[in-house]
Amino acid sequence: MNYIPISPTERDAMLATVGVEKLDDLFNDIPAKHRFPKLDLPPALTEMEAAASLSELAGSNETTRDLVSFLGAGAYNHYIPAAVDHILRRGEFYTAYTPYQPEISQGTLQAIFEYQSLIATLTGMEVSNASHYDGATAVAEAVNLAYAQFRGKRTKVVISPTVHPQYRATLRTYVQGMGLDLAGDNPSLLSTLDSLISLIDENTALVIVQYPDFFGRIYDYTKLIESAHAQGALACVAANPIALALLKTPGEMGADIAVGEGQPLGIPMSFGGPYLGFFTARKQYLHKMAGRLVGETVDGRGQRAFVLTLTAREQHIKRERATSNICTNQGLMALASAVYLSLLGQRGLRQVAELCYHKAHYAAEQIAKIPGYSLCFESPFFHEFSVCCPRPVEEINAHLLDHGILGGYDLGQDYPALKDHMLLAVTEMNSKEEIDFLADVLAEVSHD
Amino acid sequence: MTESTLFELSSPGRTGVTFPDPDVPRAKLPESMLRAELPLPELAEVDVIRHYMHLSRYNYSVDGGFYPLGSCTMKYNPKINEDTARLPGFAFTHPLQPIETAQGALALMYELQEWLKEISGFAAVTLQPAAGAHGELTGVLIMRAWHKSRGDDNRVKMLIPDSAHGTNPASSGMIGLDVVQIPSDNRGNVDLAALKAACDETVAGLMLTNPNTLGLFDEHVEEVVRIVHDCGGLVYGDGANLNALLGILRPADVGIDVMHFNLHKTFSTPHGGGGPGSGPVGVAAHLAEFLPAPLIGILEEGEEDLPPLYGYVTPKQTIGRVKAFHGHFGMLVRTYTYIAMHGADGLRQVAEYSVLNANYLLARLRNTYHVPYDRICMHEFVAEGKVEGSDVRALDIAKRLMDYDFHPPTNYFPLIVHEALMIEPTETENKDTLDAFADALIKIAEEAKTQPELLHEAPHKTPFGRMDEVKAARELVLCCWLPENFSK
């Protein structure tokens, strides 16, 4: 099966126009000894067979529809209104390219402009770019921004060990060879805010914290950000966008950059991607920001319209001196989050955030009552919390899975001090009945 | 004709979705930590749907017409791919769930790694990078890690032909390498003398796009690779133009060491109005241990009735992780579907017909528009957007094409062709479409001589005219907000 709409007769006519006899003659520049390799691939399937084969593969996964899920740790099970995917499936949106020709791309351009506006509103920041790959790479780009801001003269980044372990791992990959010191990136030091502040000095370019942090905890980072500013450093908050419906914004806390993973905003978990990195900042850092920006203007007929702007920062103009190499971003995922946010509006989003909050607190309370289990931290939390368990997490999770429950994240794999600690996430998708069931099954594994 | 923004359409008290009341006792909210207000727009579902439907009409798309953007491979995006990627068994899986519960997803990823290896000839493939440029970053990090592992710390230069995509120098610049530009010769190949002169013990490697952005296959590719290898450098292949090579040539067979794939170009995953893409990276055997972690591997071999157990493996000298989780899984499902339906012969036809279509357009247009490097091209070619006896520019021709209901080709790239129009038809266009496009361009060349103002002021028939880009950059209105006192 292929999608080539050319008949053999048309092919022959075209070959004649080109002036060659057969298709093979078009490839004489290819080194003869390597030309036309025999590829060992399975025989081609028809659409009917492919649909069946893919259904079978998909069917062998257990999903959050089959299981009761309390797993989060950076990807969250939220309700996605039906209308979101109906918009995403419009061919006018998903089969368009990056809007380089604004006269015939106003749909995409206005949608991105509105996305920028929605995300800036949500984070309390002044400007947003058109998206980045995911939360992890958005954090890495924040470091690039800060590094460029100080022209490479400040060589230290203070990052909290309670930033997502995979975000920190990604950052380490991005900065290798740059001679940057990632202070605080040590999972055996579960530092307090004060100990993080003590790491900030005049060589610090950027301070990065997560909000809520990886353990689900909520801190007011105002003082930390002031300490960063006192040393001339920038501060970046990596935030959960659903939590921002309820909580003080990074903007209100004085952050210079706010980034995060936009998956909770109407994007399916889809085994890890594609997701959405959002990237916002104070306006003064606009020229150092990575990625595309859409700005408002008028067309020659006097109509309000939108264009890609400040493109001189980007790779296709600046080449090796660009702020980043990013080209293709997450356009359609940004559209998904914009549709989600416009459907929910201020009430719906606040409702989701409150449901997450109340249900997570109910779950925490129930679990804390079970002999052998306790909450690890006393700090306020949003929709995720850490539990000290009486048995290894792997063992507990295996037992939960036997009962159709997808258990929490094993914190011991990243934080040696948190052996036997489980990170549980509760969203609006979890009913009281499910939470009670989780508590019951946990109680069964409370002792030897 | 303009559509109001979501913020202008908002009316206090409307909502598009409601959620159930909590079925648990309400917990005390952390008062000191609450945000003051949440000024998001308020709309009903029908308002939202109509808004986006209106906007969608202002977009040109592959589903709507011919989109011959050079270097972008705007081929048709099969509908079945959209369905398979959304199967509940894929869409509702958590990236961190136990591997025993995700064997379908892992098996698909493992197979896809194997297929991409077979198609390209590389020894190992990572599916993690999020887009082409992200794959480039991954590739150049691998190249540097390999040099360092051999105690060779002096490789600070990356050689990049002048016809390269901007992402190549940007990716090298991002990790602190110095970029050295290599000129093209008069047949559009890498200039061998210049390449030889640039090659020394400080060269990390060469980033080669082949076929290059002129749409030409480098006639001395093996010699180019040999020269770079002889000075101890590695060759990076930019896979943006792989569509022309499926079943025609495996890039690893000519000695390319590392290459990214653009699944959103070659393997038909949609461009989404600017993403998401997906940029897997393939490497030759000597670089396999440096790939990002984790890869998908077989943890326990299968037996007669028992499938193998798939899981995560970490290459010994990995550069680390380049993003969270396992890559753009949804794009991997689409690609898997596409390859499964094509098989070896189908993929070869993709390349053959993409090259036939490009050469057919070239044959129809070369007497009207000058083609500076005129020989049998691969999947695309570059013409000069100029007409003798007229002052019109490539931009004018591009904009006038919109009046004929075509998306313009890429213009002003590659930089080495004056007033470049870079035309890539892809294999999913029929002869009638190609003829209509060629006829339009020929007619526009006539108009350029007889009515140049028609081109200068084009487009005329689109809902929007040319934009005031200066105003956008000067005023920098990048967001809109609800009016101050909007919220109750």
# chains A, B, ... in the order shown; residues from 1 in each chain; ligands from 1
call {"tool": "residues_around", "arguments": {"residues": "Gly345 in chain A", "least_positions_apart": "5", "cutoff": "8 Å", "atoms": "only C-alpha atoms", "output": "ChimeraX atom specification"}}
result
/B:15-16,40-43
call {"tool": "write_last_selection", "arguments": {"atoms": "C-alpha atoms", "output": "PDB file, in the first residue's frame"}}
result
ATOM      1  CA  THR B  15     -18.057  27.920  30.647  1.00  0.00           C
ATOM      2  CA  GLY B  16     -17.343  25.167  28.159  1.00  0.00           C
ATOM      3  CA  LEU B  40      -8.665  33.357  31.665  1.00  0.00           C
ATOM      4  CA  PRO B  41     -11.394  33.916  29.063  1.00  0.00           C
ATOM      5  CA  GLU B  42     -14.859  32.423  29.625  1.00  0.00           C
ATOM      6  CA  LEU B  43     -16.591  30.764  26.691  1.00  0.00           C
TER       7      LEU B  43
END
call {"tool": "residues_around", "arguments": {"residues": "Ala334 in chain A", "least_positions_apart": "4", "cutoff": "8 Å", "atoms": "only C-alpha atoms", "output": "list in words"}}
result
Ile112, Tyr115, Ala130, Ser131, Leu276, Gln330 and Ala338 of chain A
call {"tool": "write_last_selection", "arguments": {"atoms": "N, CA and C atoms", "output": "PDB file, in the first residue's frame"}}
result
ATOM      1  N   ILE A 112      -1.636  30.524  17.954  1.00  0.00           N
ATOM      2  CA  ILE A 112      -0.419  30.579  18.773  1.00  0.00           C
ATOM      3  C   ILE A 112      -0.380  31.869  19.590  1.00  0.00           C
ATOM      4  N   TYR A 115      -2.470  31.259  22.409  1.00  0.00           N
ATOM      5  CA  TYR A 115      -1.762  30.338  23.319  1.00  0.00           C
ATOM      6  C   TYR A 115      -0.771  31.125  24.176  1.00  0.00           C
ATOM      7  N   ALA A 130       6.256  30.349  21.504  1.00  0.00           N
ATOM      8  CA  ALA A 130       5.238  29.537  20.833  1.00  0.00           C
ATOM      9  C   ALA A 130       5.275  28.070  21.253  1.00  0.00           C
ATOM     10  N   SER A 131       6.207  27.675  22.110  1.00  0.00           N
ATOM     11  CA  SER A 131       6.330  26.357  22.729  1.00  0.00           C
ATOM     12  C   SER A 131       7.740  25.795  22.593  1.00  0.00           C
ATOM     13  N   LEU A 276       4.304  19.115  25.735  1.00  0.00           N
ATOM     14  CA  LEU A 276       4.391  20.551  25.428  1.00  0.00           C
ATOM     15  C   LEU A 276       5.270  21.241  26.460  1.00  0.00           C
ATOM     16  N   GLN A 330       6.305  22.448  19.159  1.00  0.00           N
ATOM     17  CA  GLN A 330       5.178  21.569  19.500  1.00  0.00           C
ATOM     18  C   GLN A 330       3.861  22.221  19.093  1.00  0.00           C
ATOM     19  N   ALA A 338      -4.348  25.287  24.261  1.00  0.00           N
ATOM     20  CA  ALA A 338      -5.149  26.510  24.133  1.00  0.00           C
ATOM     21  C   ALA A 338      -6.638  26.168  24.049  1.00  0.00           C
TER      22      ALA A 338
END
call {"tool": "atom_distance", "arguments": {"atom1": "CA of Arg474 in chain B", "atom2": "CA of Lys288 in chain A"}}
result
16.4 Å
call {"tool": "closest_residue", "arguments": {"among": "B:Lys148, B:His418, B:Arg466, B:Lys386", "to": "chain A", "atoms": "only C-alpha atoms"}}
result
B:Arg466
call {"tool": "residues_around", "arguments": {"residues": "Asp299 in chain A", "least_positions_apart": "6", "cutoff": "12 Å", "atoms": "only C-alpha atoms", "output": "PyMOL selection string"}}
result
(chain A and resi 102-104+106+305-307) or (chain B and resi 1-2+457-460+462-472)
call {"tool": "write_last_selection", "arguments": {"atoms": "C-alpha atoms", "output": "PDB file, in the first residue's frame"}}
result
ATOM      1  CA  PRO A 102       1.337  34.615   7.125  1.00  0.00           C
ATOM      2  CA  GLU A 103      -1.201  35.493   4.421  1.00  0.00           C
ATOM      3  CA  ILE A 104      -2.375  31.877   4.335  1.00  0.00           C
ATOM      4  CA  GLN A 106      -3.560  33.181  10.033  1.00  0.00           C
ATOM      5  CA  ALA A 305      -3.234  40.018  11.671  1.00  0.00           C
ATOM      6  CA  PHE A 306      -0.392  38.029  13.196  1.00  0.00           C
ATOM      7  CA  VAL A 307       3.164  37.157  12.083  1.00  0.00           C
TER       8      VAL A 307
ATOM      9  CA  MET B   1     -12.651  39.084   7.689  1.00  0.00           C
ATOM     10  CA  THR B   2     -10.790  38.969  10.992  1.00  0.00           C
ATOM     11  CA  GLU B 457       1.035  43.615  -4.443  1.00  0.00           C
ATOM     12  CA  ALA B 458       0.109  39.940  -4.371  1.00  0.00           C
ATOM     13  CA  PRO B 459      -1.648  38.078  -2.904  1.00  0.00           C
ATOM     14  CA  HIS B 460      -5.027  39.480  -3.870  1.00  0.00           C
ATOM     15  CA  THR B 462      -6.425  35.397   0.005  1.00  0.00           C
ATOM     16  CA  PRO B 463      -8.326  36.531   3.103  1.00  0.00           C
ATOM     17  CA  PHE B 464      -5.250  38.486   4.233  1.00  0.00           C
ATOM     18  CA  GLY B 465      -2.741  40.574   2.311  1.00  0.00           C
ATOM     19  CA  ARG B 466       0.945  41.191   2.890  1.00  0.00           C
ATOM     20  CA  MET B 467       1.907  41.892   6.449  1.00  0.00           C
ATOM     21  CA  ASP B 468       3.535  44.838   8.149  1.00  0.00           C
ATOM     22  CA  GLU B 469       6.396  42.883   9.689  1.00  0.00           C
ATOM     23  CA  VAL B 470       8.175  46.039  10.849  1.00  0.00           C
ATOM     24  CA  LYS B 471       5.209  47.074  12.975  1.00  0.00           C
ATOM     25  CA  ALA B 472       5.110  43.640  14.590  1.00  0.00           C
TER      26      ALA B 472
END
call {"tool": "residues_around", "arguments": {"residues": "Tyr353 in chain B", "least_positions_apart": "2", "cutoff": "8 Å", "atoms": "only C-alpha atoms", "output": "PDB file with C-alpha atoms, in the first residue's frame"}}
result
ATOM      1  CA  ILE A   4       1.245   7.654  -4.779  1.00  0.00           C
TER       2      ILE A   4
ATOM      3  CA  GLN B 349       8.513   3.768  -4.656  1.00  0.00           C
ATOM      4  CA  VAL B 350       8.207   6.721  -2.298  1.00  0.00           C
ATOM      5  CA  ALA B 351      11.752   7.751  -3.178  1.00  0.00           C
ATOM      6  CA  VAL B 355      12.356  12.153  -7.485  1.00  0.00           C
ATOM      7  CA  LEU B 356      10.259  11.682 -10.623  1.00  0.00           C
ATOM      8  CA  ASN B 357       7.851  14.444  -9.563  1.00  0.00           C
ATOM      9  CA  THR B 426       6.839  14.960  -2.854  1.00  0.00           C
ATOM     10  CA  GLU B 427       5.511  11.670  -4.215  1.00  0.00           C
TER      11      GLU B 427
END
call {"tool": "closest_residue", "arguments": {"among": "A:Ser431, A:Asn203, A:Arg172, A:Ile267", "to": "Gly152 in chain A", "atoms": "only C-alpha atoms"}}
result
A:Asn203
call {"tool": "closest_residue", "arguments": {"among": "B:Phe122, B:Trp481, B:Phe261, B:Phe66", "to": "chain A", "atoms": "only C-alpha atoms"}}
result
B:Trp481
call {"tool": "residues_around", "arguments": {"residues": "range 189-198 of chain B", "least_positions_apart": "2", "cutoff": "10 Å", "atoms": "only C-alpha atoms", "output": "PyMOL selection string"}}
result
chain B and resi 157-163+180-187+200-203+206+208+210-212+214+216-221+223-224+227-228+230-231+373
call {"tool": "residues_around", "arguments": {"residues": "Tyr340 in chain A", "least_positions_apart": "6", "cutoff": "9 Å", "atoms": "only C-alpha atoms", "output": "list in words"}}
result
Ile80, Pro81, Ala83, Val84, Leu265, Gly266 and Ile267 of chain A
call {"tool": "closest_residue", "arguments": {"among": "B:Val477, B:Ile296, B:Val371, B:Ile142", "to": "chain A", "atoms": "only C-alpha atoms"}}
result
B:Val477
call {"tool": "residues_around", "arguments": {"residues": "Thr108 in chain A", "least_positions_apart": "2", "cutoff": "9 Å", "atoms": "only C-alpha atoms", "output": "ChimeraX atom specification"}}
result
/A:92-93,96,98-99,105-106,110-113,331,335 /B:55-56,58-59,273-274
call {"tool": "write_last_selection", "arguments": {"atoms": "C-alpha atoms", "output": "JSON list (two decimals), in the first residue's frame"}}
result
[["chain", "number", "residue", "atom", "x", "y", "z"],
["A", 92, "GLU", "CA", -6.35, 22.69, 8.26],
["A", 93, "PHE", "CA", -4.42, 22.71, 11.53],
["A", 96, "ALA", "CA", -0.12, 22.78, 7.86],
["A", 98, "THR", "CA", 5.14, 26.28, 10.42],
["A", 99, "PRO", "CA", 3.39, 29.56, 9.50],
["A", 105, "SER", "CA", -1.50, 30.82, 7.91],
["A", 106, "GLN", "CA", -3.56, 33.18, 10.03],
["A", 110, "GLN", "CA", -3.74, 33.62, 15.78],
["A", 111, "ALA", "CA", -4.06, 30.31, 17.65],
["A", 112, "ILE", "CA", -0.42, 30.58, 18.77],
["A", 113, "PHE", "CA", -0.85, 34.25, 19.70],
["A", 331, "GLY", "CA", 2.68, 23.63, 17.49],
["A", 335, "LEU", "CA", -3.09, 24.31, 20.11],
["B", 55, "LEU", "CA", -9.46, 30.19, 12.36],
["B", 56, "SER", "CA", -8.92, 26.88, 10.58],
["B", 58, "TYR", "CA", -7.50, 30.92, 7.32],
["B", 59, "ASN", "CA", -4.91, 28.14, 7.03],
["B", 273, "GLY", "CA", 1.44, 23.81, 12.06],
["B", 274, "GLY", "CA", 4.98, 23.70, 13.47]]
call {"tool": "atom_distance", "arguments": {"atom1": "CA of Met422 in chain A", "atom2": "CA of Phe70 in chain A"}}
result
10.4 Å
call {"tool": "select_by_dssp", "arguments": {"residues": "range 352-398 of chain B", "states": "alpha helix (DSSP H)", "output": "PyMOL selection string"}}
result
chain B and resi 352-365+394-398
call {"tool": "atom_distance", "arguments": {"atom1": "CA of His286 in chain B", "atom2": "CA of Asn154 in chain B"}}
result
19.5 Å
call {"tool": "closest_residue", "arguments": {"among": "B:Ile423, B:Val179, B:Leu112, B:Ala204", "to": "chain A", "atoms": "only C-alpha atoms"}}
result
B:Val179
call {"tool": "closest_residue", "arguments": {"among": "B:Leu441, B:Met331, B:Val125, B:Thr433", "to": "Phe90 in chain B", "atoms": "only C-alpha atoms"}}
result
B:Met331
